[in-house]
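Contents: one structure, followed by commentary.
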Amino acid sequence: MNKSLNRLIKLALTLVIFGALPVMASNDSDWNRSIAFYLWLADTEVDAIQDGTSVGGGTVEFEDLVDKTEFGYAILGEIGPAERPWSVFADLAYFELADNAGLDGLDIKLDVEATILDLAGVYSPASKGGNFGLYAGIRYLSIDTEIGLTLPDGNTDNFGVDDSYTDALIGARIRTDLTDRWSLKFRGDTSAGDTEYTFQAECLFGYRTGKTKNKQLLFGYRYRETEIEEGGLTQEIVTAGPIAAFRIDF
């Protein structure tokens, strides 16, 4: 999938999923809804091994090469009946990165673009959203990785992966109210299927603003790790770092 098409799909998913929220919940008294816009100030580290152990004819181990994110964000929307213990959410994250490195006479270039979409249903035993919830659903990952090597003799070697993957997703979340305005939230999940695994953990402080306290400023930390095996190329992608968000409940 080329990058222009990937961006178009990402935009379409955003419009369909998050644009449908007010339509699905036209009666304000019957539904709880929220949408949050995240800026993910993350570092992304990519470890890659081609055909078992090495890249470039066994010349160099291709590990810990990249630790630089060019762009990353996330959007999360959730909707559920006001008087019921369940809801559904969509969490869309996107990042792209690129870097060049010289190692043992090689010029190595890496470009990665990834879109991750989580769709899940949540059950909160305490009802009405509760402070504790279990969720399950699917995780869709689209990733385009391009690796280019320029050898000391001037010859080049290019390879990579451009594919999409769908995993089964399970997780849990909990919120603790510290005061009437401050809260602490934890979220953790794992998924597997087309990928070897993905693990994600997040911790956020929230501060409610406004007279009705329906707006929140959120800040904390998110960690995500994914391993993919495709066509002899094994990738471990770790994206982690501070995250800040603005959330509206309506």
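How things are named: the first chain in the structure tokens is A, the next is B, and so on; residues count from 1 in each chain; ligands count from 1 in the order shown.
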- Query: Got a sec: who's within 7 Å of A:Asp157, counting only C-alpha atoms, leaving out chain neighbours fewer than 3 positions off, as number ranges by chain?
  - Reply: A: 148-150
Can you write out as CSV which residues of stretch 147-213 of chain A fall within 7 Å of stretch 219-234 of chain A, alongside each residue's closest atom pair and its distance in Å to one decimal, counting only C-alpha atoms and ordering rows by chain and ascending residue number?
residue,atom,partner,partner_atom,distance
A:Thr195,CA,A:Ile228,CA,5.0
A:Glu196,CA,A:Glu227,CA,5.5
A:Tyr197,CA,A:Glu227,CA,5.7
A:Thr198,CA,A:Thr226,CA,4.3
A:Phe199,CA,A:Glu225,CA,5.3
A:Gln200,CA,A:Arg224,CA,4.3
A:Ala201,CA,A:Tyr223,CA,5.3
A:Glu202,CA,A:Arg222,CA,4.3
A:Cys203,CA,A:Tyr221,CA,5.5
A:Leu204,CA,A:Gly220,CA,4.3
A:Phe205,CA,A:Phe219,CA,5.5
A:Gly206,CA,A:Phe219,CA,6.7
All residues 12 Å or closer to A:Pro85, only C-alpha atoms, same chain fewer than 2 positions away omitted, as a compact mmCIF listing (two decimals) with C-alpha atoms, in the first residue's frame:
# COMPACT_ATOMS: atom_id res chain seq x y z
CA TRP A 31 -26.23 8.15 25.54
CA ASN A 32 -22.80 8.83 26.95
CA ILE A 79 -20.23 5.80 22.90
CA GLY A 80 -22.63 3.80 25.09
CA PRO A 81 -26.13 3.88 26.61
CA ALA A 82 -26.29 6.09 29.70
CA GLU A 83 -28.10 3.44 31.79
CA SER A 87 -20.00 0.89 25.44
CA VAL A 88 -17.91 0.71 22.28
CA GLY A 121 -16.68 -3.34 23.14
CA VAL A 122 -16.37 -2.47 26.85
CA TYR A 123 -18.17 -4.04 29.80
CA SER A 124 -18.12 -2.06 33.06
CA PRO A 125 -19.57 -4.15 35.94
CA ALA A 126 -20.36 -1.04 37.99
CA SER A 127 -22.70 0.08 35.13
CA LYS A 128 -22.95 3.52 33.56
CA GLY A 129 -19.32 3.43 32.49
CA GLY A 130 -18.05 2.54 35.95
CA ASN A 131 -14.48 2.94 37.20
CA PHE A 132 -13.41 -0.49 35.91
CA GLY A 133 -13.93 -1.98 32.48
CA LEU A 134 -13.01 -5.07 30.45
CA TYR A 135 -12.86 -4.79 26.68
8 Å contact set for stretch 176-182 of chain A, only C-alpha atoms, chain neighbours under 2 positions out, as a list in words
Asn131, Ile174, Leu184, Lys185, Phe205, Gly206, Tyr207, Arg208, Thr209 and Lys213 of chain A
Expected file contents, prior selection, N, CA and C atoms, as a CSV table (one decimal), in the first residue's frame:
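What landed in out.csv:
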chain,number,residue,atom,x,y,z
A,131,ASN,N,-15.9,2.6,37.1
A,131,ASN,CA,-14.5,2.9,37.2
A,131,ASN,C,-13.6,1.8,36.7
A,174,ILE,N,-9.0,1.0,34.2
A,174,ILE,CA,-9.5,1.4,35.5
A,174,ILE,C,-9.3,2.9,35.7
A,184,LEU,N,-7.0,9.6,37.9
A,184,LEU,CA,-5.9,8.8,37.4
A,184,LEU,C,-6.4,7.5,36.7
A,185,LYS,N,-5.9,7.3,35.5
A,185,LYS,CA,-6.5,6.3,34.6
A,185,LYS,C,-5.3,5.3,34.1
A,205,PHE,N,-3.1,11.1,33.8
A,205,PHE,CA,-3.8,12.0,34.8
A,205,PHE,C,-4.8,12.8,34.0
A,206,GLY,N,-6.0,13.0,34.6
A,206,GLY,CA,-7.0,13.8,33.9
A,206,GLY,C,-7.4,15.0,34.8
A,207,TYR,N,-7.7,16.1,34.2
A,207,TYR,CA,-8.2,17.3,35.0
A,207,TYR,C,-9.4,17.8,34.3
A,208,ARG,N,-10.6,17.8,34.9
A,208,ARG,CA,-11.8,18.3,34.3
A,208,ARG,C,-11.9,19.8,34.5
A,209,THR,N,-12.4,20.4,33.4
A,209,THR,CA,-12.5,21.8,33.3
A,209,THR,C,-13.9,22.2,33.0
A,213,LYS,N,-17.9,20.4,34.0
A,213,LYS,CA,-16.8,19.4,34.0
A,213,LYS,C,-16.8,18.4,32.9
Min atom-atom distance to A:Ile147 from the set A:Ala48, A:Leu110, A:Ala192, A:Val238, counting only C-alpha atoms, belongs to A:Leu110
Residues within 9 Å of stretch 73-76 of chain A, only C-alpha atoms, excluding chain neighbours under 4 positions, as a PyMOL selection string = chain A and resi 14+18+34-41+89-95+243+245+247
Output file for the residues above (N, CA and C atoms, as a tab-separated table (two decimals), in the first residue's frame):
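Result file selection21.tsv:
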chain	number	residue	atom	x	y	z
A	14	THR	N	-11.24	7.93	9.92
A	14	THR	CA	-11.50	8.98	10.91
A	14	THR	C	-12.87	9.60	10.70
A	18	PHE	N	-15.63	8.67	13.66
A	18	PHE	CA	-15.87	9.75	14.59
A	18	PHE	C	-16.98	10.69	14.11
A	34	SER	N	-17.95	10.44	24.15
A	34	SER	CA	-16.72	11.21	24.37
A	34	SER	C	-15.83	11.09	23.16
A	35	ILE	N	-14.99	12.09	22.98
A	35	ILE	CA	-13.98	12.05	21.93
A	35	ILE	C	-12.74	12.75	22.48
A	36	ALA	N	-11.58	12.18	22.22
A	36	ALA	CA	-10.32	12.72	22.72
A	36	ALA	C	-9.31	12.79	21.59
A	37	PHE	N	-8.57	13.87	21.55
A	37	PHE	CA	-7.53	14.09	20.55
A	37	PHE	C	-6.17	14.07	21.27
A	38	TYR	N	-5.31	13.15	20.86
A	38	TYR	CA	-4.03	12.92	21.54
A	38	TYR	C	-2.87	13.38	20.66
A	39	LEU	N	-1.89	14.01	21.30
A	39	LEU	CA	-0.60	14.25	20.68
A	39	LEU	C	0.40	13.35	21.38
A	40	TRP	N	0.97	12.44	20.60
A	40	TRP	CA	1.87	11.43	21.17
A	40	TRP	C	3.30	11.85	20.89
A	41	LEU	N	3.99	12.32	21.93
A	41	LEU	CA	5.37	12.79	21.79
A	41	LEU	C	6.31	11.61	22.02
A	89	PHE	N	-15.72	1.56	21.66
A	89	PHE	CA	-14.78	2.64	21.37
A	89	PHE	C	-13.96	2.32	20.13
A	90	ALA	N	-13.45	3.39	19.53
A	90	ALA	CA	-12.51	3.30	18.42
A	90	ALA	C	-11.29	4.14	18.77
A	91	ASP	N	-10.11	3.57	18.62
A	91	ASP	CA	-8.85	4.25	18.94
A	91	ASP	C	-7.96	4.18	17.71
A	92	LEU	N	-7.73	5.31	17.10
A	92	LEU	CA	-6.94	5.39	15.87
A	92	LEU	C	-5.62	6.08	16.16
A	93	ALA	N	-4.50	5.44	15.86
A	93	ALA	CA	-3.18	6.02	16.06
A	93	ALA	C	-2.39	5.95	14.76
A	94	TYR	N	-1.53	6.92	14.58
A	94	TYR	CA	-0.75	7.01	13.34
A	94	TYR	C	0.63	7.56	13.65
A	95	PHE	N	1.65	6.99	13.02
A	95	PHE	CA	2.98	7.59	13.11
A	95	PHE	C	3.78	7.27	11.85
A	243	ILE	N	2.27	11.51	26.42
A	243	ILE	CA	1.07	11.72	25.61
A	243	ILE	C	0.21	12.77	26.29
A	245	ALA	N	-3.60	15.07	25.82
A	245	ALA	CA	-4.88	14.98	25.10
A	245	ALA	C	-5.87	16.00	25.64
A	247	ARG	N	-10.09	16.01	25.92
A	247	ARG	CA	-11.27	15.16	25.79
A	247	ARG	C	-12.54	15.94	26.09
One residue among A:Leu151, A:Leu169, A:Leu218, A:Ile49 is nearest to A:Asp107 when using only C-alpha atoms, and that residue is A:Leu151
As a check of understanding: the span from atom CA of A:Leu97 to atom CA of A:Ile143 is 11.6 Å
re atom CA of A:Gly137 and atom CA of A:Arg187: distance 14.8 Å
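For the atom pair formed by atom CA of A:Ala42 and atom CA of A:Gly72, the distance is 7.3 Å, given to one decimal.
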Extract the full set of strand (DSSP E) residues from stretch 126-222 of chain A according to DSSP on the backbone, and format it as an MDAnalysis selection string. chainID A and resid 132:150 156:177 182:193 197:209 215:222
Among A:Glu146, A:Asp153, A:Asp194, A:Ser183, A:Ala168 is approached most closely, using only C-alpha atoms, by A:Asp194
